[in-house]
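Below is data-v2.json, which holds JSON, C-alpha atoms.
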```json
[["chain", "number", "residue", "atom", "x", "y", "z"],
["O", 1, "MET", "CA", 193.69, 97.03, 80.28],
["O", 2, "ILE", "CA", 191.64, 93.82, 80.18],
["O", 3, "LYS", "CA", 193.80, 92.39, 82.93],
["O", 4, "LYS", "CA", 193.83, 95.60, 84.99],
["O", 5, "TYR", "CA", 190.02, 95.87, 85.18],
["O", 6, "LYS", "CA", 189.48, 92.09, 85.35],
["O", 7, "ILE", "CA", 187.31, 92.03, 82.21],
["O", 8, "SER", "CA", 186.62, 88.69, 80.54],
["O", 9, "SER", "CA", 187.84, 88.98, 76.95],
["O", 10, "LYS", "CA", 185.33, 86.31, 75.89],
["O", 11, "LYS", "CA", 182.35, 88.51, 76.85],
["O", 12, "VAL", "CA", 183.30, 91.86, 75.28],
["O", 13, "ALA", "CA", 184.18, 93.56, 72.01],
["O", 14, "ILE", "CA", 186.77, 96.36, 71.88],
["O", 15, "GLU", "CA", 186.97, 99.26, 69.49],
["O", 16, "LEU", "CA", 190.29, 101.12, 69.38],
["O", 17, "ASN", "CA", 190.37, 104.53, 67.68],
["O", 18, "GLY", "CA", 187.26, 103.67, 65.67],
["O", 19, "LYS", "CA", 188.43, 100.24, 64.55],
["O", 20, "ILE", "CA", 187.40, 96.88, 66.00],
["O", 21, "LEU", "CA", 190.34, 95.19, 67.70],
["O", 22, "PRO", "CA", 190.56, 91.42, 67.05],
["O", 23, "LYS", "CA", 190.56, 89.29, 70.22],
["O", 24, "SER", "CA", 193.89, 87.80, 69.14],
["O", 25, "LYS", "CA", 195.54, 91.19, 69.67],
["O", 26, "TYR", "CA", 194.08, 91.97, 73.12],
["O", 27, "LYS", "CA", 197.27, 90.89, 74.91],
["O", 28, "GLN", "CA", 199.64, 92.39, 72.34],
["O", 29, "LYS", "CA", 198.21, 95.89, 71.89],
["O", 30, "ILE", "CA", 199.67, 98.67, 74.05],
["O", 31, "VAL", "CA", 197.28, 101.54, 74.77],
["O", 32, "LYS", "CA", 198.58, 105.09, 74.38],
["O", 33, "ASP", "CA", 197.45, 108.25, 76.19],
["O", 34, "LYS", "CA", 195.30, 109.70, 73.39],
["O", 35, "ASP", "CA", 193.77, 106.41, 72.26],
["O", 36, "LYS", "CA", 189.96, 106.24, 72.25],
["O", 37, "ILE", "CA", 188.66, 102.92, 73.55],
["O", 38, "GLU", "CA", 185.12, 101.54, 73.47],
["O", 39, "ILE", "CA", 184.36, 98.30, 75.35],
["O", 40, "VAL", "CA", 180.88, 96.81, 74.89],
["O", 41, "GLN", "CA", 178.97, 93.76, 76.10],
["O", 42, "PHE", "CA", 175.51, 92.25, 75.84],
["O", 43, "ILE", "CA", 172.82, 93.37, 78.31],
["O", 44, "GLY", "CA", 169.25, 92.22, 78.89],
["O", 45, "GLY", "CA", 166.40, 93.90, 77.03],
["O", 46, "GLY", "CA", 166.36, 95.96, 73.86],
["O", 47, "TRP", "CA", 164.66, 99.00, 72.40],
["O", 48, "LEU", "CA", 161.77, 98.84, 74.88],
["O", 49, "ASN", "CA", 164.21, 99.64, 77.70],
["O", 50, "ARG", "CA", 164.28, 103.21, 76.39],
["O", 51, "ASP", "CA", 160.52, 103.54, 76.91],
["O", 52, "ILE", "CA", 160.64, 105.42, 80.20],
["O", 53, "PHE", "CA", 157.58, 106.24, 82.32],
["O", 54, "LYS", "CA", 158.34, 109.52, 84.04],
["O", 55, "ILE", "CA", 156.06, 111.71, 86.16],
["O", 56, "ASP", "CA", 157.74, 115.03, 86.85],
["O", 57, "LYS", "CA", 161.23, 113.76, 87.85],
["O", 58, "LYS", "CA", 160.01, 110.41, 89.19],
["O", 59, "ILE", "CA", 160.85, 107.40, 87.01],
["O", 60, "LEU", "CA", 158.62, 104.35, 87.46],
["O", 61, "LYS", "CA", 159.32, 100.81, 86.31],
["O", 62, "SER", "CA", 155.64, 99.92, 85.97],
["O", 63, "ARG", "CA", 152.92, 101.81, 84.11],
["O", 64, "LEU", "CA", 150.35, 100.24, 86.41],
["O", 65, "ILE", "CA", 149.48, 102.20, 89.56],
["O", 66, "VAL", "CA", 147.25, 100.44, 92.07],
["O", 67, "GLY", "CA", 145.03, 101.50, 94.94],
["O", 68, "THR", "CA", 145.26, 100.08, 98.44],
["O", 69, "GLY", "CA", 141.59, 100.09, 99.50],
["O", 70, "LYS", "CA", 138.75, 97.54, 99.45],
["O", 71, "TYR", "CA", 140.88, 94.44, 100.06],
["O", 72, "LYS", "CA", 139.97, 91.83, 102.70],
["O", 73, "ASN", "CA", 143.00, 92.73, 104.76],
["O", 74, "LEU", "CA", 146.43, 94.35, 104.52],
["O", 75, "ALA", "CA", 148.15, 91.03, 103.87],
["O", 76, "GLN", "CA", 146.05, 90.57, 100.73],
["O", 77, "THR", "CA", 146.78, 94.18, 99.76],
["O", 78, "ALA", "CA", 150.52, 93.54, 99.92],
["O", 79, "LYS", "CA", 150.27, 90.32, 97.91],
["O", 80, "ALA", "CA", 148.19, 92.00, 95.20],
["O", 81, "ILE", "CA", 150.64, 94.89, 94.91],
["O", 82, "LYS", "CA", 153.53, 92.46, 94.55],
["O", 83, "ALA", "CA", 151.68, 90.46, 91.89],
["O", 84, "SER", "CA", 150.82, 93.63, 89.97],
["O", 85, "GLY", "CA", 154.45, 94.69, 89.70],
["O", 86, "ALA", "CA", 153.40, 98.26, 90.55],
["O", 87, "ASP", "CA", 155.97, 100.51, 92.19],
["O", 88, "MET", "CA", 153.48, 103.29, 93.01],
["O", 89, "VAL", "CA", 150.29, 102.95, 95.09],
["O", 90, "THR", "CA", 147.63, 105.43, 96.14],
["O", 91, "VAL", "CA", 147.08, 105.83, 99.87],
["O", 92, "ALA", "CA", 144.43, 107.63, 101.88],
["O", 93, "VAL", "CA", 145.06, 109.85, 104.90],
["O", 94, "ARG", "CA", 142.99, 108.84, 107.93],
["O", 95, "ARG", "CA", 142.95, 109.49, 111.69],
["O", 96, "ILE", "CA", 144.89, 107.15, 113.98],
["O", 97, "ASN", "CA", 142.74, 104.72, 115.98],
["O", 98, "ILE", "CA", 143.87, 105.75, 119.48],
["O", 99, "SER", "CA", 141.63, 103.15, 121.14],
["O", 100, "ASN", "CA", 143.40, 100.32, 119.30],
["O", 101, "LYS", "CA", 147.08, 101.13, 118.80],
["O", 102, "GLN", "CA", 147.81, 97.49, 117.94],
["O", 103, "LYS", "CA", 145.76, 97.65, 114.76],
["O", 104, "PRO", "CA", 148.06, 96.93, 111.79],
["O", 105, "LEU", "CA", 149.11, 99.79, 109.53],
["O", 106, "LEU", "CA", 149.64, 99.84, 105.77],
["O", 107, "MET", "CA", 153.31, 100.69, 106.31],
["O", 108, "ASP", "CA", 153.70, 97.39, 108.21],
["O", 109, "TYR", "CA", 152.88, 95.53, 104.99],
["O", 110, "VAL", "CA", 153.85, 97.89, 102.16],
["O", 111, "ASN", "CA", 157.27, 99.49, 102.64],
["O", 112, "PRO", "CA", 157.22, 103.15, 101.43],
["O", 113, "LYS", "CA", 160.97, 102.90, 100.84],
["O", 114, "LYS", "CA", 160.37, 100.21, 98.20],
["O", 115, "ILE", "CA", 156.93, 101.22, 96.89],
["O", 116, "THR", "CA", 156.20, 104.90, 96.20],
["O", 117, "TYR", "CA", 153.20, 106.16, 98.16],
["O", 118, "LEU", "CA", 150.89, 108.54, 96.32],
["O", 119, "PRO", "CA", 148.70, 110.27, 98.94],
["O", 120, "ASN", "CA", 145.26, 111.08, 97.58],
["O", 121, "THR", "CA", 142.20, 113.04, 98.65],
["O", 122, "ALA", "CA", 139.62, 110.27, 98.30],
["O", 123, "GLY", "CA", 136.39, 111.34, 99.98],
["O", 124, "CYS", "CA", 137.03, 115.09, 99.71],
["O", 125, "PHE", "CA", 134.22, 117.21, 98.26],
["O", 126, "ASN", "CA", 135.77, 120.68, 98.34],
["O", 127, "SER", "CA", 139.07, 122.56, 98.15],
["O", 128, "VAL", "CA", 139.38, 123.11, 101.91],
["O", 129, "GLU", "CA", 139.15, 119.37, 102.68],
["O", 130, "ALA", "CA", 141.57, 118.46, 99.89],
["O", 131, "LEU", "CA", 144.21, 121.03, 100.84],
["O", 132, "ARG", "CA", 144.07, 120.03, 104.49],
["O", 133, "THR", "CA", 144.46, 116.34, 103.60],
["O", 134, "LEU", "CA", 147.48, 116.81, 101.34],
["O", 135, "ARG", "CA", 149.23, 119.23, 103.67],
["O", 136, "LEU", "CA", 148.88, 116.63, 106.43],
["O", 137, "ALA", "CA", 150.21, 113.95, 104.06],
["O", 138, "ARG", "CA", 153.28, 116.07, 103.36],
["O", 139, "GLU", "CA", 153.82, 116.50, 107.08],
["O", 140, "ILE", "CA", 153.72, 112.71, 107.67],
["O", 141, "GLY", "CA", 156.72, 111.99, 105.51],
["O", 142, "GLY", "CA", 157.55, 114.86, 103.19],
["O", 143, "TRP", "CA", 155.44, 113.58, 100.29],
["O", 144, "LYS", "CA", 155.14, 116.20, 97.54],
["O", 145, "MET", "CA", 153.84, 114.02, 94.73],
["O", 146, "VAL", "CA", 150.11, 113.64, 95.37],
["O", 147, "LYS", "CA", 146.85, 112.72, 93.71],
["O", 148, "LEU", "CA", 144.12, 115.35, 93.81],
["O", 149, "GLU", "CA", 140.58, 114.02, 93.75],
["O", 150, "ILE", "CA", 137.69, 116.36, 94.56],
["O", 151, "LEU", "CA", 134.28, 114.77, 94.14],
["O", 152, "GLY", "CA", 131.17, 116.64, 93.07],
["O", 153, "ASP", "CA", 128.51, 114.00, 93.52],
["O", 154, "LYS", "CA", 128.17, 111.26, 96.15],
["O", 155, "LYS", "CA", 126.40, 108.86, 93.84],
["O", 156, "THR", "CA", 128.54, 108.98, 90.67],
["O", 157, "LEU", "CA", 131.73, 110.28, 92.35],
["O", 158, "TYR", "CA", 132.32, 112.50, 89.32],
["O", 159, "PRO", "CA", 135.03, 115.14, 89.80],
["O", 160, "GLU", "CA", 134.05, 118.70, 90.71],
["O", 161, "MET", "CA", 136.16, 120.52, 88.13],
["O", 162, "ILE", "CA", 135.83, 124.13, 89.37],
["O", 163, "GLU", "CA", 137.13, 123.16, 92.81],
["O", 164, "THR", "CA", 139.71, 120.85, 91.23],
["O", 165, "ILE", "CA", 141.23, 123.59, 89.04],
["O", 166, "LYS", "CA", 141.23, 126.08, 91.92],
["O", 167, "THR", "CA", 142.93, 123.61, 94.26],
["O", 168, "THR", "CA", 145.51, 122.53, 91.68],
["O", 169, "LYS", "CA", 146.67, 126.15, 91.38],
["O", 170, "VAL", "CA", 147.21, 126.39, 95.14],
["O", 171, "LEU", "CA", 149.04, 123.05, 95.39],
["O", 172, "VAL", "CA", 151.36, 123.87, 92.49],
["O", 173, "LYS", "CA", 152.26, 127.19, 94.16],
["O", 174, "GLU", "CA", 153.09, 125.28, 97.34],
["O", 175, "GLY", "CA", 155.49, 123.02, 95.48],
["O", 176, "PHE", "CA", 153.34, 119.89, 95.19],
["O", 177, "LYS", "CA", 153.61, 117.66, 92.13],
["O", 178, "VAL", "CA", 149.93, 117.09, 91.43],
["O", 179, "LEU", "CA", 148.38, 114.16, 89.57],
["O", 180, "VAL", "CA", 144.81, 115.31, 88.94],
["O", 181, "TYR", "CA", 141.67, 113.16, 88.70],
["O", 182, "CYS", "CA", 139.37, 114.86, 86.20],
["O", 183, "THR", "CA", 136.59, 114.46, 83.68],
["O", 184, "ASP", "CA", 137.38, 113.30, 80.14],
["O", 185, "ASP", "CA", 136.89, 116.86, 78.89],
["O", 186, "PRO", "CA", 139.90, 117.93, 76.77],
["O", 187, "ILE", "CA", 139.33, 121.62, 77.64],
["O", 188, "HIS", "CA", 139.55, 121.01, 81.39],
["O", 189, "ALA", "CA", 142.50, 118.67, 80.89],
["O", 190, "LYS", "CA", 144.38, 121.40, 79.01],
["O", 191, "LYS", "CA", 143.64, 123.96, 81.73],
["O", 192, "LEU", "CA", 145.04, 121.60, 84.36],
["O", 193, "GLU", "CA", 148.22, 121.09, 82.36],
["O", 194, "ASP", "CA", 148.61, 124.83, 81.76],
["O", 195, "ILE", "CA", 148.45, 125.61, 85.49],
["O", 196, "GLY", "CA", 151.12, 123.04, 86.29],
["O", 197, "ALA", "CA", 149.56, 119.60, 86.85],
["O", 198, "ALA", "CA", 152.24, 116.87, 86.78],
["O", 199, "ALA", "CA", 149.83, 114.35, 85.23],
["O", 200, "ILE", "CA", 146.27, 114.30, 83.90],
["O", 201, "MET", "CA", 144.04, 111.47, 85.17],
["O", 202, "PRO", "CA", 140.75, 111.39, 83.23],
["O", 203, "LEU", "CA", 138.10, 108.89, 84.26],
["O", 204, "ALA", "CA", 137.19, 106.07, 81.91],
["O", 205, "ALA", "CA", 133.80, 105.69, 83.63],
["O", 206, "PRO", "CA", 132.44, 106.41, 87.13],
["O", 207, "ILE", "CA", 134.66, 105.30, 90.03],
["O", 208, "GLY", "CA", 134.13, 101.66, 90.94],
["O", 209, "SER", "CA", 131.71, 101.02, 88.06],
["O", 210, "GLY", "CA", 133.93, 98.64, 86.10],
["O", 211, "LEU", "CA", 132.29, 99.82, 82.87],
["O", 212, "GLY", "CA", 135.53, 100.32, 80.95],
["O", 213, "ILE", "CA", 136.46, 103.21, 78.67],
["O", 214, "TYR", "CA", 133.24, 104.93, 77.59],
["O", 215, "ASN", "CA", 134.64, 107.81, 75.54],
["O", 216, "LYS", "CA", 137.70, 106.76, 73.54],
["O", 217, "LEU", "CA", 137.48, 109.87, 71.38],
["O", 218, "ASN", "CA", 137.89, 112.30, 74.29],
["O", 219, "ILE", "CA", 140.66, 110.24, 75.83],
["O", 220, "SER", "CA", 142.48, 110.25, 72.47],
["O", 221, "LEU", "CA", 142.09, 114.03, 72.19],
["O", 222, "ILE", "CA", 143.54, 114.49, 75.68],
["O", 223, "ILE", "CA", 146.49, 112.23, 74.86],
["O", 224, "LYS", "CA", 147.28, 114.10, 71.63],
["O", 225, "GLN", "CA", 147.26, 117.53, 73.25],
["O", 226, "SER", "CA", 149.08, 116.66, 76.48],
["O", 227, "LYS", "CA", 152.78, 117.05, 77.15],
["O", 228, "VAL", "CA", 152.45, 115.55, 80.64],
["O", 229, "PRO", "CA", 151.54, 111.90, 81.34],
["O", 230, "VAL", "CA", 147.92, 110.87, 80.82],
["O", 231, "ILE", "CA", 146.85, 108.14, 83.23],
["O", 232, "ILE", "CA", 143.42, 106.55, 83.06],
["O", 233, "ASP", "CA", 141.79, 106.68, 86.48],
["O", 234, "ALA", "CA", 138.46, 105.12, 87.47],
["O", 235, "GLY", "CA", 135.98, 102.85, 85.73],
["O", 236, "ILE", "CA", 138.33, 100.12, 84.51],
["O", 237, "GLY", "CA", 136.77, 96.69, 85.02],
["O", 238, "THR", "CA", 138.89, 94.06, 83.29],
["O", 239, "ALA", "CA", 142.45, 93.55, 82.14],
["O", 240, "SER", "CA", 141.35, 94.07, 78.54],
["O", 241, "ASP", "CA", 140.16, 97.59, 79.47],
["O", 242, "ALA", "CA", 143.69, 98.39, 80.62],
["O", 243, "THR", "CA", 145.12, 97.04, 77.36],
["O", 244, "ILE", "CA", 142.76, 99.27, 75.37],
["O", 245, "ALA", "CA", 143.81, 102.30, 77.44],
["O", 246, "MET", "CA", 147.47, 101.59, 76.72],
["O", 247, "GLU", "CA", 146.80, 100.96, 73.02],
["O", 248, "LEU", "CA", 145.12, 104.38, 72.82],
["O", 249, "GLY", "CA", 148.43, 105.86, 73.97],
["O", 250, "CYS", "CA", 147.81, 106.44, 77.66],
["O", 251, "ASP", "CA", 151.00, 106.60, 79.72],
["O", 252, "GLY", "CA", 149.55, 104.48, 82.50],
["O", 253, "VAL", "CA", 146.45, 103.24, 84.30],
["O", 254, "LEU", "CA", 145.37, 103.36, 87.92],
["O", 255, "ILE", "CA", 143.37, 100.37, 89.19],
["O", 256, "ASN", "CA", 141.80, 99.63, 92.55],
["O", 257, "SER", "CA", 138.29, 98.14, 92.55],
["O", 258, "ALA", "CA", 138.85, 95.85, 89.54],
["O", 259, "ILE", "CA", 141.66, 94.10, 91.41],
["O", 260, "ALA", "CA", 140.50, 94.35, 95.04],
["O", 261, "LEU", "CA", 136.93, 93.21, 94.35],
["O", 262, "ALA", "CA", 137.84, 90.32, 92.02],
["O", 263, "LYS", "CA", 137.19, 86.79, 93.30],
["O", 264, "ASN", "CA", 140.95, 86.22, 93.12],
["O", 265, "PRO", "CA", 142.64, 89.63, 93.58],
["O", 266, "ILE", "CA", 146.17, 88.22, 93.32],
["O", 267, "LEU", "CA", 145.50, 86.56, 89.99],
["O", 268, "MET", "CA", 143.67, 89.64, 88.71],
["O", 269, "ALA", "CA", 146.63, 91.82, 89.72],
["O", 270, "THR", "CA", 148.87, 89.60, 87.60],
["O", 271, "ALA", "CA", 146.42, 89.85, 84.70],
["O", 272, "PHE", "CA", 146.50, 93.66, 84.86],
["O", 273, "LYS", "CA", 150.30, 93.64, 85.01],
["O", 274, "ASN", "CA", 150.45, 91.63, 81.78],
["O", 275, "ALA", "CA", 147.64, 93.64, 80.16],
["O", 276, "VAL", "CA", 149.40, 96.97, 80.69],
["O", 277, "ILE", "CA", 152.69, 95.63, 79.33],
["O", 278, "SER", "CA", 150.94, 94.06, 76.33],
["O", 279, "GLY", "CA", 148.94, 97.21, 75.57],
["O", 280, "ARG", "CA", 152.02, 99.42, 75.73],
["O", 281, "GLN", "CA", 153.98, 97.10, 73.44],
["O", 282, "SER", "CA", 151.07, 97.05, 71.01],
["O", 283, "TYR", "CA", 150.93, 100.87, 70.99],
["O", 284, "LEU", "CA", 154.66, 101.20, 70.43],
["O", 285, "SER", "CA", 154.60, 98.59, 67.65],
["O", 286, "GLY", "CA", 152.22, 100.63, 65.52],
["O", 287, "ARG", "CA", 149.12, 98.69, 64.54],
["O", 288, "MET", "CA", 148.32, 97.78, 60.95],
["O", 289, "LYS", "CA", 145.98, 99.99, 58.95],
["O", 290, "LYS", "CA", 142.32, 99.00, 59.14],
["O", 291, "ASN", "CA", 140.78, 97.72, 55.92],
["O", 292, "ASN", "CA", 137.16, 97.06, 54.98],
["O", 293, "PHE", "CA", 138.02, 93.90, 53.06]]
```
Using the file provided, produce a representation of the structure as structure tokens.
Amino acid sequence: MIKKYKISSKKVAIELNGKILPKSKYKQKIVKDKDKIEIVQFIGGGWLNRDIFKIDKKILKSRLIVGTGKYKNLAQTAKAIKASGADMVTVAVRRINISNKQKPLLMDYVNPKKITYLPNTAGCFNSVEALRTLRLAREIGGWKMVKLEILGDKKTLYPEMIETIKTTKVLVKEGFKVLVYCTDDPIHAKKLEDIGAAAIMPLAAPIGSGLGIYNKLNISLIIKQSKVPVIIDAGIGTASDATIAMELGCDGVLINSAIALAKNPILMATAFKNAVISGRQSYLSGRMKKNNF
């Protein structure tokens, strides 16, 4: 059997009918029809390989999702995404510039066959605008996994939850897999999950503020009650904020401004990559009990 399948006997262990077969007998032993054989080898990784990040049926390698706006140019965007290790990015839907058809496109720099695009409704302030945007996004390339973001205030960019809940219901009925930007209110988060949201995305602080996680209690409550992924969205400012989010038990974080507006976006993207991995490992490890002495 070893010879037939060109397996190196030095790199495997064989179990025959529940008993380990010594290497000295590999060439001597004749396999019968009803024999049960187990052949094993070493592979990279360990128990953390079973820690899968799954949104609906989509499995992602990285728990860091990054935005594609606010960079100096598309070349820098692509470099930052690569440095971050992210395999999902948010993208906006905008009109084509007919007067300048030579203007570079995001798809020229970030291949949607290698990096999952997550169309979002950035800049939408009501259900009509959001539905139109995501239906157009689906038409562009069949995208059904989308990020819903309906803003209620132009200054703080806080989510408008009544419109958000109403729109989520419509999108779910139409077969979209909806990741929903929302407040850090556990009641609203539960309603979104109950009507079929694929992921809950509570803000840590106002969009683009860089203030970090302001309400750890509410985020923790949302995590404990949710059976769908909880992804921190908005307000993250530094890599340590992302680590804290992961240590709380969040399934992932979405970052744009903190990377794009850093003095060195590429280096910051790398920092966030490491921070998310470190925070997740810390959460899975189970921290020591706090003591007062």
**Message:** I'd like to know which of O:Ile244, O:Ile255, O:Leu105, O:Val170 is closest to Val89 of chain O, using all atoms listed in the file.
**Reply:** O:Ile255
**Message:** If we count all atoms listed in the file and set the cut-off at 7 Å, which residues sit around segment 55-68 of chain O, ignoring sequence neighbours fewer than 3 positions away in its own chain? Please answer as a list in words.
**Reply:** Thr77, Gly85, Ala86, Asp87, Met88, Val89, Thr90, Val91, Ala198, Ala199, Pro229, Asp251, Gly252, Val253, Leu254, Ile255, Asn256, Lys273 and Val276 of chain O
**Request:** Neighbourhood query: residues within 12 Å of (152.5, 115.6, 78.3), file coordinates, counting only C-alpha atoms; return as a PyMOL selection string.
**Result:** chain O and resi 53-56+189-190+192-194+196-201+222-231+249-251
**Request:** Skip segment 164-169 of chain O itself and residues of its chain fewer than 3 positions away, then list as a PyMOL selection string all residues within 10 Å of it, counting all atoms listed in the file.
**Result:** chain O and resi 125-128+130-131+148-152+159-161+172-174+176-182+188-189+191-197
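Closest approach to Gln76 of chain O from the set O:Ile277, O:Leu267, O:Ser285, O:Lys154 is made by O:Leu267, with distances taken over only C-alpha atoms.
Take the candidates O:Leu118, O:Val110, O:Val12, O:Leu203 and check each one against Thr156 of chain O using all atoms listed in the file; the shortest distance goes to O:Leu203.
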**Request:** Measuring atom to atom with all atoms listed in the file, identify which of O:Val40, O:Ala137, O:Ala80, O:Ala205 is nearest to Asn264 of chain O.
**Result:**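 When distances to Asn264 of chain O are compared using all atoms listed in the file, the smallest one comes from O:Ala80.
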**Request:** Rounded to one decimal place, report the atom CA of Glu139 of chain O-atom CA of Ala122 of chain O distance in Å.
**Result:** 17.8 Å
**Complete:** Expressed in Å, the length from atom CA of Gly212 of chain O to atom CA of Pro119 of chain O is 24.4 Å
